[in-house]
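Everything below concerns the one structure shown next.
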2 protein chains.
Amino acid sequence: MANELPDMALKAIGIVSNGIKQRPEQGWEKVVSDIVIKSHLTEALDSLEEFSHLIVLYWMHQLATTDKLSLKVHPKGKQELPLVGRFAYRSPNRPNPIGKTTVRLLEHQGNILKVEGLDAINGTPVIDIKPYIPRYDSVADAKVPPWISNQ
Amino acid sequence: MANELPDMALKAIGIVSNGIKQRPEQGWEKVVSDIVIKSHLTEALDSLEEFSHLIVLYWMHQLATTDKLSLKVHPKGKQELPLVGRFAYRSPNRPNPIGKTTVRLLEHQGNILKVEGLDAINGTPVIDIKPYIPRYDSVADAKVPPWISNQ
């Protein structure tokens with residue numbers, strides 16, 4: 001199906017369990033969550049505990065019904081910050097509501113990954129887990145605009 | 001639809017154009033690709049050029065038909081490396097064939113982002129673009145197992 005329109009239907013590989021019902025804007029850094037992976041995939045988690053950090057991709061299901069998005073936004077709704085394109089901002093509201101968060105892995109037991117710093121509410125479907133590998137994921141000389149630090 | 005099964009159908013926001021037909025294992029670091037974003041989303045790219053690096057999420061459409069995946073793999077097929085869980089490895093073959101690559105943004109013109117280091121073949125559907133922000137994306141003290149450096 002090289003050049004046809006591919007079917008891009010995601011399957012949940014697991015779910016977030018942390019009891020959090022509403023997404024706070026900040027303060028996620030110390031939140032501890034369990035990622036409960038579907039039991040038939042348990043073996044695919046082997047060796048993840050050898051990494052200190054994971055990249056979690058998840059589907060922000062409570063936002064998934066938003067069809068009409070403005071293309072430009074003031075970050076965090078702050079009028080004093082410049083109006084920027086939606087893709088230049090890490091808002092959860094985007095054409096595909098996929099979150100990508102780097103978390104610390106605290107514990108791996110069976111089909112459960114206990115992680116710190118996941119900014120996803122209880123019940124969020126998880127769609128991928130990747131190990132954090134500095135040579136792929138870390139950029140030494142990355143530059144960001146000044147409005148990022150003023151958010 | 002808080003606790004029901006959400007509809008997780010992705011929409012392509014754009015497509016990779018680089019003339020590359022087959023995915024080499026290595027040597028992507030210097031590949032230059034155009035990401036051609038759908039024209040109705042052009043304005044959502046505004047201000048991306050203020051960032052040096054982007055995170056690109058894409059759908060590895062040529063792998064999307066793989067239904068049966070072994071849960072454990074030898075990285076890069078090397079028998080001398082340990083058998084690890086599929087999620088502990090950055091292989092493109094995973095339950096949801098989503099690639100996540102951090103790239104350098106070389107140029108932004110209209111609906112086209114010219115980037116360096118994207119490991120996706122020509123025609124790959126792009127599903128999200130996020131700016132690379134060190135305080136979210138960079139981990140100073142990340143640890144990886146020894147087999148990662150021996151890949």
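Note on naming: chains are A, B, ... as they come in the structure tokens, residues start from 1 per chain, ligands start from 1 in the order shown.
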**OP:** Determine, counting only C-alpha atoms, which protein, DNA and RNA residues have an atom within 7 Å of an atom of Arg104 (chain B); residues of the same chain fewer than 2 positions away are not included. Present the result as a VMD selection string.
**Re:** chain B and resid 52 to 54 106 115 to 117
Those residues you just picked out, can you put them in a file as a CSV table (one decimal), in the first residue's frame with N, CA, C and O atoms?
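That gives us again-v9.csv:
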```
chain,number,residue,atom,x,y,z
B,52,SER,N,15.3,25.7,16.9
B,52,SER,CA,16.3,25.1,16.1
B,52,SER,C,15.9,23.6,15.7
B,52,SER,O,16.4,23.1,14.7
B,53,HIS,N,15.2,23.0,16.6
B,53,HIS,CA,14.9,21.6,16.4
B,53,HIS,C,13.4,21.3,16.6
B,53,HIS,O,12.7,22.0,17.4
B,54,LEU,N,12.9,20.3,15.9
B,54,LEU,CA,11.5,19.9,16.0
B,54,LEU,C,11.4,18.4,16.3
B,54,LEU,O,12.4,17.6,16.0
B,106,LEU,N,16.0,23.3,9.1
B,106,LEU,CA,16.9,24.1,8.3
B,106,LEU,C,16.2,25.4,7.7
B,106,LEU,O,16.8,26.4,7.6
B,115,VAL,N,14.0,19.9,6.8
B,115,VAL,CA,14.6,19.4,8.1
B,115,VAL,C,15.8,18.4,7.8
B,115,VAL,O,15.9,17.8,6.7
B,116,GLU,N,16.7,18.3,8.7
B,116,GLU,CA,17.8,17.4,8.6
B,116,GLU,C,17.7,16.3,9.7
B,116,GLU,O,17.5,16.6,10.8
B,117,GLY,N,17.9,15.0,9.2
B,117,GLY,CA,17.9,13.9,10.2
B,117,GLY,C,16.6,13.1,10.4
B,117,GLY,O,16.5,12.4,11.3
```
As a compact mmCIF listing (two decimals) with N, CA and C atoms, in the first residue's frame, please: chain B after a least-squares superposition onto chain A using all C-alpha atoms matched in order.
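part-v4.txt written:
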```txt
# COMPACT_ATOMS: atom_id res chain seq x y z
N MET B 1 0.81 -1.13 -0.12
CA MET B 1 0.00 0.09 -0.05
C MET B 1 0.87 1.34 -0.03
N ALA B 2 2.00 1.24 -0.72
CA ALA B 2 3.02 2.29 -0.65
C ALA B 2 2.45 3.72 -0.76
N ASN B 3 1.74 4.01 -1.83
CA ASN B 3 1.33 5.40 -2.02
C ASN B 3 -0.15 5.64 -1.83
N GLU B 4 -0.88 4.61 -1.41
CA GLU B 4 -2.29 4.82 -1.13
C GLU B 4 -2.44 5.43 0.26
N LEU B 5 -3.63 5.86 0.55
CA LEU B 5 -3.89 6.41 1.87
C LEU B 5 -3.88 5.27 2.88
N PRO B 6 -2.95 5.27 3.81
CA PRO B 6 -2.91 4.16 4.75
C PRO B 6 -4.00 4.27 5.80
N ASP B 7 -4.35 3.13 6.35
CA ASP B 7 -5.29 3.11 7.46
C ASP B 7 -4.49 3.44 8.71
N MET B 8 -4.82 4.51 9.36
CA MET B 8 -4.02 4.92 10.51
C MET B 8 -4.85 4.85 11.79
N ALA B 9 -5.36 3.68 12.10
CA ALA B 9 -6.15 3.48 13.31
C ALA B 9 -5.23 2.97 14.41
N LEU B 10 -5.23 3.68 15.51
CA LEU B 10 -4.37 3.31 16.62
C LEU B 10 -5.03 2.26 17.50
N LYS B 11 -4.18 1.42 18.10
CA LYS B 11 -4.65 0.48 19.12
C LYS B 11 -4.05 0.90 20.46
N ALA B 12 -4.84 0.94 21.50
CA ALA B 12 -4.26 1.22 22.82
C ALA B 12 -3.40 0.03 23.23
N ILE B 13 -2.19 0.30 23.71
CA ILE B 13 -1.36 -0.79 24.25
C ILE B 13 -1.52 -0.86 25.77
N GLY B 14 -2.15 0.15 26.35
CA GLY B 14 -2.33 0.17 27.79
C GLY B 14 -3.06 1.44 28.19
N ILE B 15 -3.06 1.69 29.49
CA ILE B 15 -3.88 2.79 30.00
C ILE B 15 -3.18 3.40 31.22
N VAL B 16 -3.41 4.70 31.41
CA VAL B 16 -2.81 5.40 32.55
C VAL B 16 -3.71 5.26 33.78
N SER B 17 -3.10 4.92 34.89
CA SER B 17 -3.84 4.84 36.15
C SER B 17 -3.15 5.73 37.17
N ASN B 18 -3.79 6.83 37.51
CA ASN B 18 -3.19 7.74 38.51
C ASN B 18 -4.25 8.47 39.33
N GLY B 19 -5.52 8.17 39.09
CA GLY B 19 -6.59 8.80 39.87
C GLY B 19 -6.82 10.27 39.57
N ILE B 20 -6.08 10.83 38.60
CA ILE B 20 -6.22 12.26 38.31
C ILE B 20 -7.30 12.47 37.25
N LYS B 21 -8.29 13.30 37.60
CA LYS B 21 -9.44 13.44 36.71
C LYS B 21 -9.37 14.64 35.81
N GLN B 22 -8.63 15.65 36.23
CA GLN B 22 -8.52 16.85 35.39
C GLN B 22 -7.07 17.24 35.26
N ARG B 23 -6.74 17.73 34.08
CA ARG B 23 -5.35 18.01 33.75
C ARG B 23 -4.96 19.39 34.31
N PRO B 24 -4.12 19.42 35.35
CA PRO B 24 -3.65 20.72 35.80
C PRO B 24 -2.65 21.27 34.79
N GLU B 25 -2.53 22.57 34.74
CA GLU B 25 -1.60 23.19 33.78
C GLU B 25 -0.15 22.88 34.13
N GLN B 26 0.13 22.87 35.42
CA GLN B 26 1.51 22.67 35.86
C GLN B 26 1.56 21.72 37.03
N GLY B 27 2.78 21.39 37.45
CA GLY B 27 2.93 20.57 38.64
C GLY B 27 2.87 19.08 38.37
N TRP B 28 3.10 18.68 37.11
CA TRP B 28 3.08 17.26 36.77
C TRP B 28 4.40 16.56 37.09
N GLU B 29 5.42 17.35 37.31
CA GLU B 29 6.77 16.77 37.39
C GLU B 29 6.86 15.64 38.42
N LYS B 30 6.12 15.77 39.51
CA LYS B 30 6.25 14.79 40.58
C LYS B 30 5.08 13.80 40.65
N VAL B 31 4.16 13.91 39.70
CA VAL B 31 3.03 12.97 39.69
C VAL B 31 3.53 11.56 39.38
N VAL B 32 3.08 10.60 40.17
CA VAL B 32 3.43 9.21 39.92
C VAL B 32 2.22 8.50 39.31
N SER B 33 2.44 7.83 38.20
CA SER B 33 1.35 7.12 37.51
C SER B 33 1.77 5.68 37.27
N ASP B 34 0.77 4.80 37.25
CA ASP B 34 1.01 3.46 36.73
C ASP B 34 0.56 3.44 35.27
N ILE B 35 1.39 2.87 34.42
CA ILE B 35 0.95 2.58 33.06
C ILE B 35 0.67 1.09 33.04
N VAL B 36 -0.59 0.75 32.86
CA VAL B 36 -0.99 -0.66 32.89
C VAL B 36 -1.08 -1.14 31.44
N ILE B 37 -0.12 -1.97 31.08
CA ILE B 37 -0.02 -2.45 29.70
C ILE B 37 -0.90 -3.68 29.53
N LYS B 38 -1.49 -3.85 28.38
CA LYS B 38 -2.34 -5.03 28.13
C LYS B 38 -1.52 -6.29 28.39
N SER B 39 -2.14 -7.23 29.06
CA SER B 39 -1.35 -8.35 29.56
C SER B 39 -0.70 -9.18 28.46
N HIS B 40 -1.30 -9.23 27.28
CA HIS B 40 -0.67 -10.04 26.21
C HIS B 40 0.62 -9.39 25.70
N LEU B 41 0.87 -8.13 26.11
CA LEU B 41 2.10 -7.44 25.67
C LEU B 41 3.17 -7.40 26.76
N THR B 42 2.90 -8.04 27.90
CA THR B 42 3.80 -7.95 29.05
C THR B 42 5.26 -8.23 28.68
N GLU B 43 5.46 -9.29 27.91
CA GLU B 43 6.82 -9.69 27.59
C GLU B 43 7.57 -8.63 26.77
N ALA B 44 6.82 -7.82 26.03
CA ALA B 44 7.43 -6.78 25.21
C ALA B 44 8.03 -5.65 26.06
N LEU B 45 7.76 -5.69 27.39
CA LEU B 45 8.32 -4.67 28.29
C LEU B 45 9.68 -5.09 28.86
N ASP B 46 10.05 -6.34 28.64
CA ASP B 46 11.30 -6.84 29.22
C ASP B 46 12.48 -5.92 28.87
N SER B 47 13.33 -5.69 29.83
CA SER B 47 14.55 -4.89 29.69
C SER B 47 14.30 -3.38 29.77
N LEU B 48 13.04 -2.96 29.77
CA LEU B 48 12.80 -1.51 29.90
C LEU B 48 13.37 -0.98 31.20
N GLU B 49 13.42 -1.87 32.22
CA GLU B 49 13.92 -1.42 33.53
C GLU B 49 15.41 -1.10 33.49
N GLU B 50 16.08 -1.41 32.39
CA GLU B 50 17.49 -1.04 32.27
C GLU B 50 17.67 0.42 31.85
N PHE B 51 16.56 1.07 31.55
CA PHE B 51 16.60 2.50 31.17
C PHE B 51 16.07 3.33 32.33
N SER B 52 16.64 4.53 32.50
CA SER B 52 16.14 5.39 33.57
C SER B 52 14.91 6.18 33.13
N HIS B 53 14.78 6.43 31.84
CA HIS B 53 13.70 7.28 31.34
C HIS B 53 13.03 6.65 30.12
N LEU B 54 11.76 6.93 30.00
CA LEU B 54 10.98 6.43 28.87
C LEU B 54 10.28 7.59 28.17
N ILE B 55 9.98 7.37 26.90
CA ILE B 55 9.13 8.31 26.16
C ILE B 55 7.77 7.64 26.03
N VAL B 56 6.75 8.33 26.50
CA VAL B 56 5.40 7.78 26.46
C VAL B 56 4.59 8.57 25.43
N LEU B 57 3.98 7.86 24.49
CA LEU B 57 3.04 8.48 23.57
C LEU B 57 1.63 8.06 24.00
N TYR B 58 0.74 9.01 24.06
CA TYR B 58 -0.61 8.70 24.53
C TYR B 58 -1.62 9.54 23.78
N TRP B 59 -2.84 9.09 23.82
CA TRP B 59 -3.94 9.72 23.08
C TRP B 59 -4.80 10.49 24.07
N MET B 60 -4.84 11.81 23.89
CA MET B 60 -5.57 12.64 24.87
C MET B 60 -7.06 12.57 24.55
N HIS B 61 -7.66 11.48 25.04
CA HIS B 61 -9.00 11.09 24.59
C HIS B 61 -10.08 12.10 24.92
N GLN B 62 -9.85 12.91 25.95
CA GLN B 62 -10.90 13.87 26.28
C GLN B 62 -10.90 15.06 25.32
N LEU B 63 -9.86 15.15 24.49
CA LEU B 63 -9.78 16.24 23.53
C LEU B 63 -10.09 15.77 22.12
N ALA B 64 -10.28 14.45 21.98
CA ALA B 64 -10.30 13.86 20.64
C ALA B 64 -11.48 14.31 19.80
N THR B 65 -12.45 14.92 20.42
CA THR B 65 -13.62 15.30 19.64
C THR B 65 -13.50 16.70 19.04
N THR B 66 -12.45 17.41 19.41
CA THR B 66 -12.27 18.78 18.92
C THR B 66 -11.99 18.75 17.42
N ASP B 67 -12.91 19.25 16.64
CA ASP B 67 -12.70 19.24 15.20
C ASP B 67 -12.15 20.57 14.70
N LYS B 68 -12.67 21.62 15.25
CA LYS B 68 -12.28 22.95 14.78
C LYS B 68 -11.26 23.53 15.75
N LEU B 69 -10.07 23.73 15.25
CA LEU B 69 -9.03 24.33 16.08
C LEU B 69 -8.59 25.63 15.41
N SER B 70 -8.42 26.67 16.21
CA SER B 70 -7.82 27.86 15.62
C SER B 70 -6.37 27.56 15.30
N LEU B 71 -5.87 28.10 14.21
CA LEU B 71 -4.52 27.75 13.76
C LEU B 71 -3.45 28.50 14.55
N LYS B 72 -3.85 29.60 15.17
CA LYS B 72 -2.87 30.36 15.96
C LYS B 72 -3.38 30.56 17.38
N VAL B 73 -2.44 30.58 18.30
CA VAL B 73 -2.81 30.67 19.72
C VAL B 73 -1.84 31.55 20.48
N HIS B 74 -2.34 32.15 21.55
CA HIS B 74 -1.46 32.76 22.54
C HIS B 74 -1.09 31.66 23.54
N PRO B 75 0.20 31.33 23.67
CA PRO B 75 0.56 30.27 24.63
C PRO B 75 -0.09 30.49 26.00
N LYS B 76 -0.63 29.40 26.51
CA LYS B 76 -1.33 29.41 27.81
C LYS B 76 -2.43 30.46 27.89
N GLY B 77 -2.92 30.91 26.75
CA GLY B 77 -3.98 31.91 26.75
C GLY B 77 -3.53 33.28 27.22
N LYS B 78 -2.21 33.48 27.33
CA LYS B 78 -1.71 34.77 27.82
C LYS B 78 -1.60 35.77 26.67
N GLN B 79 -2.44 36.81 26.73
CA GLN B 79 -2.48 37.79 25.65
C GLN B 79 -1.14 38.52 25.49
N GLU B 80 -0.37 38.59 26.54
CA GLU B 80 0.90 39.32 26.44
C GLU B 80 1.97 38.53 25.69
N LEU B 81 1.72 37.25 25.46
CA LEU B 81 2.66 36.44 24.68
C LEU B 81 2.25 36.49 23.20
N PRO B 82 3.22 36.32 22.29
CA PRO B 82 2.90 36.45 20.86
C PRO B 82 1.91 35.38 20.40
N LEU B 83 1.16 35.72 19.36
CA LEU B 83 0.26 34.77 18.71
C LEU B 83 1.13 33.86 17.84
N VAL B 84 1.15 32.57 18.14
CA VAL B 84 2.03 31.65 17.42
C VAL B 84 1.21 30.52 16.79
N GLY B 85 1.81 29.86 15.83
CA GLY B 85 1.13 28.74 15.19
C GLY B 85 0.92 27.60 16.17
N ARG B 86 -0.17 26.87 15.97
CA ARG B 86 -0.50 25.79 16.92
C ARG B 86 0.62 24.75 17.01
N PHE B 87 1.31 24.48 15.91
CA PHE B 87 2.38 23.48 15.94
C PHE B 87 3.64 24.00 16.64
N ALA B 88 3.73 25.31 16.86
CA ALA B 88 4.89 25.87 17.54
C ALA B 88 4.70 25.83 19.06
N TYR B 89 3.62 25.26 19.49
CA TYR B 89 3.24 25.30 20.90
C TYR B 89 2.89 23.88 21.33
N ARG B 90 3.16 23.55 22.58
CA ARG B 90 2.96 22.17 23.03
C ARG B 90 1.57 21.96 23.65
N SER B 91 0.63 22.78 23.25
CA SER B 91 -0.73 22.59 23.74
C SER B 91 -1.25 21.20 23.39
N PRO B 92 -2.09 20.63 24.26
CA PRO B 92 -2.68 19.32 23.93
C PRO B 92 -3.65 19.39 22.75
N ASN B 93 -4.18 20.56 22.45
CA ASN B 93 -5.13 20.68 21.35
C ASN B 93 -4.39 20.77 20.03
N ARG B 94 -4.42 19.70 19.25
CA ARG B 94 -3.74 19.65 17.95
C ARG B 94 -4.50 18.68 17.06
N PRO B 95 -4.25 18.73 15.76
CA PRO B 95 -5.06 17.89 14.85
C PRO B 95 -5.12 16.42 15.29
N ASN B 96 -3.99 15.85 15.69
CA ASN B 96 -4.01 14.52 16.30
C ASN B 96 -3.62 14.70 17.77
N PRO B 97 -4.55 14.41 18.68
CA PRO B 97 -4.28 14.70 20.10
C PRO B 97 -3.33 13.70 20.74
N ILE B 98 -2.09 13.68 20.22
CA ILE B 98 -1.08 12.77 20.75
C ILE B 98 -0.15 13.54 21.69
N GLY B 99 -0.02 13.04 22.89
CA GLY B 99 0.92 13.60 23.84
C GLY B 99 2.21 12.81 23.80
N LYS B 100 3.32 13.50 24.02
CA LYS B 100 4.63 12.85 24.04
C LYS B 100 5.33 13.37 25.28
N THR B 101 5.55 12.51 26.24
CA THR B 101 6.17 12.96 27.49
C THR B 101 7.32 12.04 27.86
N THR B 102 8.40 12.66 28.28
CA THR B 102 9.55 11.90 28.78
C THR B 102 9.39 11.76 30.29
N VAL B 103 9.40 10.54 30.76
CA VAL B 103 9.15 10.28 32.19
C VAL B 103 10.31 9.49 32.79
N ARG B 104 10.39 9.57 34.10
CA ARG B 104 11.36 8.73 34.81
C ARG B 104 10.68 7.40 35.15
N LEU B 105 11.36 6.30 34.88
CA LEU B 105 10.81 4.99 35.22
C LEU B 105 11.21 4.66 36.65
N LEU B 106 10.22 4.52 37.51
CA LEU B 106 10.51 4.23 38.92
C LEU B 106 10.57 2.72 39.17
N GLU B 107 9.70 1.98 38.48
CA GLU B 107 9.61 0.55 38.76
C GLU B 107 8.92 -0.15 37.60
N HIS B 108 9.34 -1.37 37.33
CA HIS B 108 8.67 -2.20 36.33
C HIS B 108 8.37 -3.54 36.97
N GLN B 109 7.07 -3.83 37.07
CA GLN B 109 6.64 -5.11 37.65
C GLN B 109 5.58 -5.70 36.75
N GLY B 110 5.91 -6.80 36.12
CA GLY B 110 4.93 -7.46 35.26
C GLY B 110 4.49 -6.53 34.14
N ASN B 111 3.18 -6.31 34.06
CA ASN B 111 2.67 -5.45 32.98
C ASN B 111 2.48 -3.99 33.43
N ILE B 112 3.08 -3.63 34.57
CA ILE B 112 2.89 -2.27 35.09
C ILE B 112 4.21 -1.51 35.15
N LEU B 113 4.18 -0.33 34.55
CA LEU B 113 5.33 0.58 34.63
C LEU B 113 4.94 1.73 35.54
N LYS B 114 5.69 1.91 36.63
CA LYS B 114 5.42 3.04 37.53
C LYS B 114 6.35 4.17 37.11
N VAL B 115 5.78 5.30 36.75
CA VAL B 115 6.57 6.39 36.18
C VAL B 115 6.29 7.71 36.89
N GLU B 116 7.25 8.61 36.80
CA GLU B 116 7.11 9.93 37.41
C GLU B 116 7.13 10.99 36.31
N GLY B 117 6.15 11.91 36.36
CA GLY B 117 6.16 13.05 35.45
C GLY B 117 5.27 12.91 34.22
N LEU B 118 4.37 11.97 34.24
CA LEU B 118 3.48 11.80 33.07
C LEU B 118 2.29 12.77 33.20
N ASP B 119 2.12 13.64 32.21
CA ASP B 119 1.05 14.64 32.27
C ASP B 119 -0.19 14.16 31.53
N ALA B 120 -0.71 13.03 31.99
CA ALA B 120 -1.91 12.46 31.37
C ALA B 120 -2.86 12.07 32.48
N ILE B 121 -4.16 12.26 32.23
CA ILE B 121 -5.14 11.96 33.27
C ILE B 121 -5.42 10.46 33.34
N ASN B 122 -6.09 10.09 34.41
CA ASN B 122 -6.51 8.70 34.62
C ASN B 122 -7.34 8.20 33.43
N GLY B 123 -7.02 7.01 32.94
CA GLY B 123 -7.80 6.43 31.85
C GLY B 123 -7.29 6.76 30.47
N THR B 124 -6.23 7.56 30.38
CA THR B 124 -5.69 7.92 29.06
C THR B 124 -5.13 6.70 28.35
N PRO B 125 -5.53 6.44 27.11
CA PRO B 125 -4.95 5.33 26.35
C PRO B 125 -3.49 5.62 25.98
N VAL B 126 -2.64 4.65 26.24
CA VAL B 126 -1.22 4.76 25.88
C VAL B 126 -1.04 4.04 24.54
N ILE B 127 -0.29 4.68 23.62
CA ILE B 127 -0.16 4.08 22.29
C ILE B 127 1.26 3.63 21.96
N ASP B 128 2.25 4.11 22.70
CA ASP B 128 3.61 3.61 22.48
C ASP B 128 4.47 3.96 23.69
N ILE B 129 5.46 3.09 23.90
CA ILE B 129 6.49 3.32 24.92
C ILE B 129 7.82 3.12 24.19
N LYS B 130 8.69 4.09 24.32
CA LYS B 130 10.03 3.93 23.73
C LYS B 130 11.05 4.24 24.82
N PRO B 131 12.19 3.58 24.81
CA PRO B 131 13.23 3.94 25.78
C PRO B 131 13.84 5.29 25.40
N TYR B 132 14.17 6.08 26.39
CA TYR B 132 14.84 7.37 26.13
C TYR B 132 16.33 7.11 25.91
N ILE B 133 16.80 7.47 24.73
CA ILE B 133 18.19 7.23 24.37
C ILE B 133 18.82 8.58 24.01
N PRO B 134 19.74 9.06 24.85
CA PRO B 134 20.26 10.42 24.64
C PRO B 134 20.75 10.68 23.22
N ARG B 135 21.39 9.71 22.59
CA ARG B 135 21.94 10.06 21.27
C ARG B 135 20.84 10.28 20.21
N TYR B 136 19.65 9.81 20.46
CA TYR B 136 18.53 10.13 19.57
C TYR B 136 17.70 11.31 20.09
N ASP B 137 17.56 11.37 21.40
CA ASP B 137 16.51 12.22 21.96
C ASP B 137 16.99 13.53 22.58
N SER B 138 18.30 13.63 22.78
CA SER B 138 18.80 14.81 23.47
C SER B 138 19.57 15.68 22.49
N VAL B 139 19.29 16.96 22.51
CA VAL B 139 19.98 17.90 21.62
C VAL B 139 20.74 18.88 22.50
N ALA B 140 22.05 18.95 22.28
CA ALA B 140 22.88 19.77 23.17
C ALA B 140 22.69 21.26 22.92
N ASP B 141 22.49 21.64 21.66
CA ASP B 141 22.52 23.07 21.32
C ASP B 141 21.16 23.59 20.85
N ALA B 142 20.08 23.01 21.35
CA ALA B 142 18.76 23.43 20.88
C ALA B 142 18.45 24.87 21.30
N LYS B 143 17.86 25.60 20.37
CA LYS B 143 17.48 26.99 20.66
C LYS B 143 15.96 27.13 20.65
N VAL B 144 15.47 27.91 21.61
CA VAL B 144 14.03 28.19 21.68
C VAL B 144 13.83 29.70 21.75
N PRO B 145 12.67 30.19 21.33
CA PRO B 145 12.43 31.64 21.39
C PRO B 145 12.20 32.10 22.83
N PRO B 146 12.35 33.41 23.07
CA PRO B 146 12.22 33.92 24.45
C PRO B 146 10.84 33.69 25.05
N TRP B 147 9.78 33.64 24.25
CA TRP B 147 8.44 33.50 24.85
C TRP B 147 8.24 32.15 25.51
N ILE B 148 9.08 31.19 25.15
CA ILE B 148 8.97 29.88 25.80
C ILE B 148 9.27 29.97 27.29
N SER B 149 10.29 30.73 27.64
CA SER B 149 10.64 30.81 29.06
C SER B 149 9.70 31.72 29.83
N ASN B 150 8.90 32.50 29.11
CA ASN B 150 7.97 33.40 29.80
C ASN B 150 6.56 32.82 29.94
N GLN B 151 6.41 31.57 29.54
CA GLN B 151 5.07 30.96 29.59
C GLN B 151 4.57 30.84 31.02
```
Subject >> Residue set, chain A restricted to strand (DSSP E), as a VMD selection string >> reply: chain A and resid 14 to 17 32 to 37 53 to 59 72 to 73 84 to 85 98 to 109 112 to 116 125 to 131
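DSSP, applied to the backbone of this structure, assigns alpha helix (DSSP H) to the following residues of chain A: Pro134, Arg135, Tyr136, Asp137, Pro146, Trp147, Ile148 and Ser149 of chain A.
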